[in-house]
>>> print(open('target19.cif').read())   # mmCIF, C-alpha atoms
data_upload
loop_
_atom_site.label_atom_id
_atom_site.label_comp_id
_atom_site.auth_asym_id
_atom_site.auth_seq_id
_atom_site.Cartn_x
_atom_site.Cartn_y
_atom_site.Cartn_z
CA MET A 29 -1.56 -51.16 34.71
CA LYS A 30 0.57 -49.68 31.94
CA LYS A 31 1.65 -46.78 34.19
CA TRP A 32 2.66 -49.18 36.98
CA SER A 33 4.48 -51.38 34.48
CA ALA A 34 6.39 -48.39 33.06
CA ALA A 35 7.21 -47.18 36.59
CA GLY A 36 8.53 -50.62 37.49
CA ILE A 37 10.73 -50.74 34.39
CA HIS A 38 12.13 -47.26 35.08
CA LEU A 39 12.78 -48.15 38.71
CA PHE A 40 14.63 -51.27 37.65
CA LEU A 41 16.73 -49.35 35.11
CA ILE A 42 17.55 -46.64 37.65
CA SER A 43 18.62 -49.28 40.19
CA VAL A 44 20.87 -51.02 37.65
CA SER A 45 22.37 -47.68 36.60
CA ILE A 46 23.18 -46.80 40.21
CA ILE A 47 24.84 -50.18 40.73
CA CYS A 48 26.92 -49.72 37.57
CA LEU A 49 27.91 -46.13 38.33
CA PHE A 50 28.69 -46.62 42.02
CA PRO A 51 32.28 -47.94 41.47
CA PHE A 52 33.07 -44.91 39.29
CA ALA A 53 31.63 -42.54 41.87
CA TRP A 54 33.64 -44.28 44.61
CA MET A 55 36.76 -43.99 42.47
CA LEU A 56 36.29 -40.26 41.83
CA ILE A 57 35.53 -39.49 45.48
CA GLY A 58 38.33 -41.74 46.73
CA MET A 59 40.97 -39.87 44.74
CA THR A 60 40.17 -36.74 46.78
CA ASN A 61 40.56 -38.48 50.15
CA SER A 62 43.45 -39.88 52.14
CA SER A 63 44.12 -43.59 52.33
CA ALA A 64 42.72 -43.74 55.86
CA ASP A 65 39.47 -42.08 54.76
CA VAL A 66 39.11 -44.51 51.86
CA LEU A 67 39.56 -47.44 54.22
CA LYS A 68 36.95 -45.99 56.55
CA GLY A 69 34.47 -45.90 53.67
CA LYS A 70 34.13 -42.12 53.54
CA PHE A 71 31.79 -41.26 50.66
CA SER A 72 32.19 -37.51 50.45
CA PRO A 73 34.79 -35.40 48.61
CA GLY A 74 37.94 -34.56 50.54
CA SER A 75 40.83 -32.14 50.14
CA GLU A 76 43.70 -34.56 49.41
CA LEU A 77 43.53 -34.54 45.61
CA SER A 78 46.62 -32.40 45.02
CA ALA A 79 48.57 -34.33 47.66
CA ASN A 80 47.60 -37.66 46.10
CA ILE A 81 48.64 -36.46 42.64
CA ALA A 82 51.99 -35.25 44.00
CA LYS A 83 52.58 -38.59 45.75
CA LEU A 84 51.75 -40.48 42.56
CA MET A 85 54.22 -38.43 40.53
CA ASP A 86 56.91 -39.06 43.14
CA VAL A 87 56.33 -42.81 43.33
CA VAL A 88 56.08 -43.74 39.63
CA ASN A 89 57.00 -42.32 36.24
CA LEU A 90 53.41 -41.86 35.14
CA GLY A 91 54.26 -40.02 31.93
CA SER A 92 56.45 -42.86 30.67
CA ALA A 93 53.81 -45.47 31.54
CA PHE A 94 51.08 -43.44 29.83
CA TRP A 95 53.23 -43.07 26.70
CA ASN A 96 54.00 -46.80 26.61
CA SER A 97 50.33 -47.71 26.93
CA THR A 98 49.36 -45.18 24.25
CA ILE A 99 51.94 -46.45 21.73
CA ILE A 100 50.98 -50.09 22.27
CA ALA A 101 47.23 -49.41 22.14
CA LEU A 102 47.27 -47.16 19.05
CA ILE A 103 49.69 -49.22 16.96
CA GLY A 104 48.11 -52.50 18.06
CA THR A 105 44.59 -51.26 17.32
CA ALA A 106 45.52 -49.97 13.86
CA ALA A 107 47.33 -53.18 12.93
CA THR A 108 44.54 -55.38 14.27
CA LEU A 109 41.85 -53.50 12.37
CA VAL A 110 43.75 -53.72 9.09
CA LEU A 111 44.70 -57.40 9.32
CA SER A 112 41.45 -58.65 10.88
CA SER A 113 39.26 -56.77 8.41
CA MET A 114 41.28 -58.11 5.49
CA ALA A 115 40.94 -61.65 6.83
CA GLY A 116 37.22 -61.30 7.53
CA TYR A 117 36.68 -59.76 4.09
CA GLY A 118 38.60 -62.56 2.42
CA PHE A 119 36.78 -65.33 4.29
CA GLU A 120 33.36 -63.95 3.34
CA ILE A 121 33.86 -62.56 -0.18
CA TYR A 122 36.10 -65.17 -1.78
CA ARG A 123 35.25 -68.83 -2.19
CA SER A 124 37.67 -71.74 -1.91
CA ARG A 125 37.47 -75.44 -1.10
CA GLY A 126 39.39 -75.36 2.18
CA LYS A 127 38.09 -72.03 3.47
CA ASP A 128 35.48 -73.47 5.83
CA ARG A 129 37.92 -75.96 7.34
CA LEU A 130 40.50 -73.24 7.88
CA PHE A 131 37.91 -71.00 9.52
CA GLY A 132 36.81 -73.89 11.75
CA LEU A 133 40.40 -74.35 12.94
CA LEU A 134 40.56 -70.62 13.56
CA MET A 135 37.45 -70.80 15.73
CA LEU A 136 38.92 -73.71 17.68
CA SER A 137 41.84 -71.48 18.68
CA MET A 138 39.38 -69.41 20.74
CA MET A 139 39.00 -72.37 23.10
CA MET A 140 42.69 -72.36 24.03
CA PRO A 141 43.38 -70.28 27.16
CA PHE A 142 46.19 -67.76 26.86
CA ALA A 143 47.87 -69.22 29.94
CA ALA A 144 48.47 -72.43 27.99
CA ILE A 145 50.65 -70.68 25.40
CA MET A 146 52.46 -68.16 27.60
CA ILE A 147 55.60 -70.24 28.08
CA PRO A 148 56.01 -71.11 24.36
CA LEU A 149 55.38 -67.48 23.47
CA PHE A 150 57.93 -66.29 26.01
CA ARG A 151 60.60 -68.65 24.67
CA LEU A 152 59.82 -67.74 21.05
CA PHE A 153 59.91 -63.99 21.65
CA SER A 154 63.03 -64.35 23.76
CA LYS A 155 64.86 -66.06 20.90
CA MET A 156 63.62 -63.38 18.51
CA SER A 157 64.82 -60.60 20.89
CA LEU A 158 61.34 -59.06 20.98
CA LEU A 159 60.85 -59.07 24.73
CA ASN A 160 60.75 -55.75 26.58
CA SER A 161 59.47 -53.91 23.50
CA PRO A 162 56.09 -52.73 22.18
CA ALA A 163 56.33 -55.25 19.34
CA GLY A 164 56.61 -58.06 21.86
CA VAL A 165 53.31 -56.99 23.44
CA ILE A 166 51.43 -56.31 20.19
CA LEU A 167 52.34 -59.29 18.01
CA PRO A 168 50.71 -62.13 20.02
CA THR A 169 47.29 -60.46 19.77
CA ILE A 170 47.64 -58.54 16.50
CA THR A 171 44.93 -60.76 15.04
CA THR A 172 42.38 -62.73 17.03
CA ALA A 173 39.80 -65.29 15.97
CA PHE A 174 37.05 -63.20 17.53
CA MET A 175 37.93 -60.05 15.59
CA ILE A 176 38.19 -61.94 12.28
CA PHE A 177 34.82 -63.55 13.02
CA PHE A 178 33.39 -60.12 13.90
CA PHE A 179 34.42 -58.63 10.55
CA MET A 180 33.31 -61.74 8.67
CA GLN A 181 29.83 -61.61 10.19
CA ASN A 182 29.44 -57.91 9.46
CA THR A 183 30.65 -58.43 5.90
CA LYS A 184 27.66 -60.74 5.32
CA SER A 185 25.45 -57.64 5.23
CA PHE A 186 27.78 -55.80 2.83
CA PRO A 187 26.04 -55.27 -0.55
CA ARG A 188 27.87 -57.28 -3.20
CA GLU A 189 26.50 -54.95 -5.87
CA LEU A 190 29.01 -52.31 -4.80
CA LEU A 191 31.89 -54.70 -5.46
CA GLN A 192 30.47 -55.70 -8.82
CA ALA A 193 30.05 -52.04 -9.77
CA GLY A 194 33.64 -51.37 -8.75
CA ARG A 195 34.90 -54.25 -10.88
CA VAL A 196 32.91 -52.93 -13.84
CA ASP A 197 34.62 -49.56 -13.32
CA GLY A 198 37.99 -51.29 -13.51
CA LEU A 199 39.00 -51.32 -9.85
CA GLY A 200 41.40 -54.03 -8.72
CA GLU A 201 40.83 -56.17 -5.64
CA TRP A 202 43.00 -54.01 -3.38
CA SER A 203 41.26 -50.86 -4.60
CA LEU A 204 37.87 -52.48 -3.98
CA PHE A 205 38.85 -53.21 -0.40
CA ALA A 206 40.36 -49.79 0.31
CA ARG A 207 37.97 -47.55 -1.66
CA VAL A 208 34.66 -49.44 -1.52
CA TYR A 209 34.64 -51.81 1.44
CA VAL A 210 36.42 -49.75 4.11
CA PRO A 211 34.43 -46.48 3.68
CA ASN A 212 31.11 -48.35 3.84
CA MET A 213 32.07 -50.33 6.94
CA LYS A 214 32.89 -47.39 9.22
CA PRO A 215 30.47 -48.45 12.02
CA THR A 216 32.05 -51.91 12.08
CA TYR A 217 35.54 -50.43 12.24
CA ALA A 218 34.45 -48.08 15.03
CA ALA A 219 33.03 -50.95 17.12
CA ALA A 220 36.12 -53.05 16.49
CA ALA A 221 38.38 -50.10 17.35
CA ILE A 222 36.73 -49.64 20.75
CA ILE A 223 36.95 -53.33 21.62
CA THR A 224 40.54 -53.68 20.43
CA PHE A 225 41.76 -50.45 22.03
CA MET A 226 40.29 -51.45 25.39
CA ASN A 227 41.87 -54.90 25.14
CA TYR A 228 45.32 -53.45 24.44
CA TRP A 229 44.97 -50.66 26.99
CA ASN A 230 43.83 -52.97 29.81
CA ASN A 231 46.07 -55.91 28.89
CA PHE A 232 47.92 -57.05 31.98
CA LEU A 233 49.12 -60.66 31.95
CA TRP A 234 51.28 -60.74 28.83
CA PRO A 235 52.82 -57.24 29.34
CA LEU A 236 53.66 -58.33 32.89
CA ILE A 237 55.73 -61.15 31.40
CA ALA A 238 57.08 -59.45 28.28
CA LEU A 239 58.00 -56.01 29.70
CA GLN A 240 60.84 -56.46 32.16
CA SER A 241 62.27 -52.97 32.72
CA GLN A 242 60.58 -50.16 34.62
CA ASP A 243 60.80 -47.66 31.77
CA LYS A 244 58.77 -50.02 29.54
CA LYS A 245 55.90 -50.63 31.98
CA THR A 246 52.33 -49.80 30.96
CA LEU A 247 49.67 -48.13 33.10
CA PRO A 248 47.98 -51.35 34.31
CA LEU A 249 51.35 -52.63 35.51
CA VAL A 250 52.03 -49.35 37.31
CA VAL A 251 48.63 -49.44 39.04
CA SER A 252 49.25 -53.04 40.05
CA SER A 253 52.63 -52.14 41.53
CA LEU A 254 51.00 -49.39 43.61
CA ALA A 255 48.53 -51.89 45.07
CA SER A 256 51.14 -54.55 45.82
CA GLY A 257 53.05 -52.66 48.52
CA TYR A 258 53.06 -53.49 52.22
CA SER A 259 50.81 -50.51 53.03
CA PRO A 260 49.23 -49.25 49.77
CA ASP A 261 48.01 -45.67 49.62
CA TYR A 262 44.46 -46.06 48.32
CA GLY A 263 44.03 -42.37 47.58
CA VAL A 264 47.03 -42.49 45.25
CA ILE A 265 45.76 -45.72 43.71
CA MET A 266 42.42 -44.09 42.97
CA VAL A 267 44.16 -41.23 41.16
CA ALA A 268 46.12 -43.71 39.04
CA VAL A 269 42.97 -45.70 38.24
CA VAL A 270 41.11 -42.55 37.15
CA ILE A 271 43.98 -41.52 34.86
CA THR A 272 44.07 -45.04 33.42
CA THR A 273 40.32 -45.03 32.79
CA ILE A 274 40.04 -41.65 31.02
CA PRO A 275 41.37 -42.69 27.54
CA THR A 276 39.00 -45.65 27.19
CA LEU A 277 36.04 -43.49 28.26
CA LEU A 278 36.96 -40.83 25.69
CA ILE A 279 37.28 -43.39 22.90
CA PHE A 280 33.91 -44.90 23.78
CA PHE A 281 32.04 -41.59 24.04
CA ILE A 282 33.51 -40.34 20.75
CA LEU A 283 32.57 -43.52 18.86
CA GLN A 284 29.50 -44.66 20.80
CA LYS A 285 27.00 -44.10 17.97
CA GLN A 286 29.13 -46.02 15.48
CA PHE A 287 29.75 -48.67 18.15
CA VAL A 288 26.03 -49.47 18.45
CA GLN A 289 25.63 -49.55 14.65
CA GLY A 290 28.70 -51.74 14.25
CA MET A 291 27.58 -54.24 16.90
CA LEU A 292 24.25 -54.53 15.09
CA GLY A 293 26.02 -55.26 11.83
CA SER A 294 24.97 -52.05 10.10
CA VAL A 295 26.59 -50.89 6.88
CA LYS A 296 26.66 -47.16 6.33
#
>>> encode(input="target19.cif", output="structure tokens")
Amino acid sequence: MKKWSAAGIHLFLISVSIICLFPFAWMLIGMTNSSADVLKGKFSPGSELSANIAKLMDVVNLGSAFWNSTIIALIGTAATLVLSSMAGYGFEIYRSRGKDRLFGLLMLSMMMPFAAIMIPLFRLFSKMSLLNSPAGVILPTITTAFMIFFFMQNTKSFPRELLQAGRVDGLGEWSLFARVYVPNMKPTYAAAAIITFMNYWNNFLWPLIALQSQDKKTLPLVVSSLASGYSPDYGVIMVAVVITTIPTLLIFFILQKQFVQGMLGSVK
């Protein structure tokens, strides 16, 4: 019975893995085929890869879009990690009378859909002359209730004895955060970095509104423009999608061990 049970579990896991990996396999094979072959459902490698790459380079300024996405994702991720970790640390470590009420209001903000605040944000950023710039894309999501909550929950497992020992050694509050808290929370920062980087990299709706010139477009906007034509070239689209996917895959594979530890709330 145990052997049949183990075989059933492995069969189920293999089936789920195939289902999850099939879109990636289709994407990789599709980038080597022509648009007609992709539409026909051809599931074997072709010889159109170089032609598709050349067409993509002719149609869009891929280098500029890649650079814009990289700048927004890296700066946004760094700023979010710093501010969100400071907020989560403060909410958990320090005690005050109105802290719980403030945190409750912060949690309520998660229930508000982004579409409900797009128009006020657009008018505000327009008056501040921040549209069509990386700052205009980063600032609305530089801190989120979820990320503050994530750091706060992970800080619950942080040993307070380390902070007390640091205070005995004469460290100030900023030094405690930078030299004691941050080094011991590397798995949490790694998990938060992956989540935040992917959110910035794949962000579509607000950049679509805030970035108005072609030289400021990010990769998701470029891929969307390729698919919105009268007769889209699906081979070219597949190439663009693969290029867009590579950075997030690299970030995840580099930090995957820390990601699992961070999601479990581990403190190293």
>>> closest_residue(input="target19.cif", among="A:Ser253, A:Lys70, A:Ala218, A:Pro168", to="A:Phe142", atoms="all atoms listed in the file")
A:Pro168
>>> resolve_selection(input="target19.cif", expression="the PyMOL selection byres ((chain A and resi 106) around 12)", output="JSON list (two decimals) with C-alpha atoms, keeping the file's coordinate frame")
[["chain", "number", "residue", "atom", "x", "y", "z"],
["A", 99, "ILE", "CA", 51.94, -46.45, 21.73],
["A", 100, "ILE", "CA", 50.98, -50.09, 22.27],
["A", 101, "ALA", "CA", 47.23, -49.41, 22.14],
["A", 102, "LEU", "CA", 47.27, -47.16, 19.05],
["A", 103, "ILE", "CA", 49.69, -49.22, 16.96],
["A", 104, "GLY", "CA", 48.11, -52.50, 18.06],
["A", 105, "THR", "CA", 44.59, -51.26, 17.32],
["A", 107, "ALA", "CA", 47.33, -53.18, 12.93],
["A", 108, "THR", "CA", 44.54, -55.38, 14.27],
["A", 109, "LEU", "CA", 41.85, -53.50, 12.37],
["A", 110, "VAL", "CA", 43.75, -53.72, 9.09],
["A", 111, "LEU", "CA", 44.70, -57.40, 9.32],
["A", 112, "SER", "CA", 41.45, -58.65, 10.88],
["A", 113, "SER", "CA", 39.26, -56.77, 8.41],
["A", 166, "ILE", "CA", 51.43, -56.31, 20.19],
["A", 170, "ILE", "CA", 47.64, -58.54, 16.50],
["A", 171, "THR", "CA", 44.93, -60.76, 15.04],
["A", 217, "TYR", "CA", 35.54, -50.43, 12.24],
["A", 218, "ALA", "CA", 34.45, -48.08, 15.03],
["A", 220, "ALA", "CA", 36.12, -53.05, 16.49],
["A", 221, "ALA", "CA", 38.38, -50.10, 17.35],
["A", 222, "ILE", "CA", 36.73, -49.64, 20.75],
["A", 224, "THR", "CA", 40.54, -53.68, 20.43],
["A", 225, "PHE", "CA", 41.76, -50.45, 22.03],
["A", 228, "TYR", "CA", 45.32, -53.45, 24.44]]
>>> closest_residue(input="target19.cif", among="A:Val66, A:Ala34, A:Leu239, A:Val250", to="A:Ala163", atoms="all atoms listed in the file")
A:Leu239
>>> axis_aligned_box(input="target19.cif", around="stretch 257-262 of chain A", padding_each_side="6 Å", output="lines of an AutoDock Vina configuration file")
center_x = 48.8
center_y = -49.6
center_z = 50.7
size_x = 20.6
size_y = 19.8
size_z = 16.7
>>> atom_distance(input="target19.cif", atom1="atom CA of A:Pro148", atom2="atom CA of A:Leu247")
25.4 Å
>>> residues_around(input="target19.cif", residues="A:Ile271", least_positions_apart="2", cutoff="12 Å", atoms="all atoms listed in the file", output="list of chain:residue names")
A:Met55, A:Leu56, A:Met59, A:Ile81, A:Leu84, A:Leu90, A:Gly91, A:Ala93, A:Phe94, A:Ser97, A:Leu247, A:Pro248, A:Val250, A:Val251, A:Val264, A:Ile265, A:Met266, A:Val267, A:Ala268, A:Val269, A:Thr273, A:Ile274, A:Pro275, A:Thr276, A:Leu277, A:Leu278
>>> resolve_selection(input="target19.cif", expression="the PyMOL selection byres ((chain A and resi 146) around 12)", output="list in words")
Met140, Pro141, Phe142, Ala143, Ala144, Ile145, Ile147, Pro148, Leu149, Phe150, Arg151, Leu152, Phe153, Ser154, Val165, Pro168, Leu233, Trp234, Pro235, Leu236, Ile237 and Ala238 of chain A
>>> closest_residue(input="target19.cif", among="A:Ile282, A:Val88, A:Leu190, A:Met156", to="A:Pro211", atoms="only C-alpha atoms")
A:Leu190
>>> residues_around(input="target19.cif", residues="A:Phe71", least_positions_apart="4", cutoff="9 Å", atoms="only C-alpha atoms", output="number ranges by chain")
A: 53-54, 57-58, 65-66
>>> atom_distance(input="target19.cif", atom1="atom CA of A:Arg123", atom2="atom CA of A:Glu189")
16.8 Å
>>> residues_around(input="target19.cif", residues="A:Phe177", least_positions_apart="6", cutoff="10 Å", atoms="all atoms listed in the file", output="PyMOL selection string")
chain A and resi 112-113+115-117+119-120+131+134-135+183
>>> residues_near_point(input="target19.cif", point="(46.5, -32.9, 52.6)", cutoff="12 Å", atoms="only C-alpha atoms", output="ChimeraX atom specification")
/A:59-65,74-83,263
>>> atom_distance(input="target19.cif", atom1="atom CA of A:Leu158", atom2="atom CA of A:Trp95")
18.8 Å
>>> closest_residue(input="target19.cif", among="A:Leu167, A:Leu159, A:Leu249, A:Leu283", to="A:Thr216", atoms="all atoms listed in the file")
A:Leu283
>>> closest_residue(input="target19.cif", among="A:Val87, A:Leu191, A:Ala35, A:Leu204", to="A:Met114", atoms="all atoms listed in the file")
A:Leu204
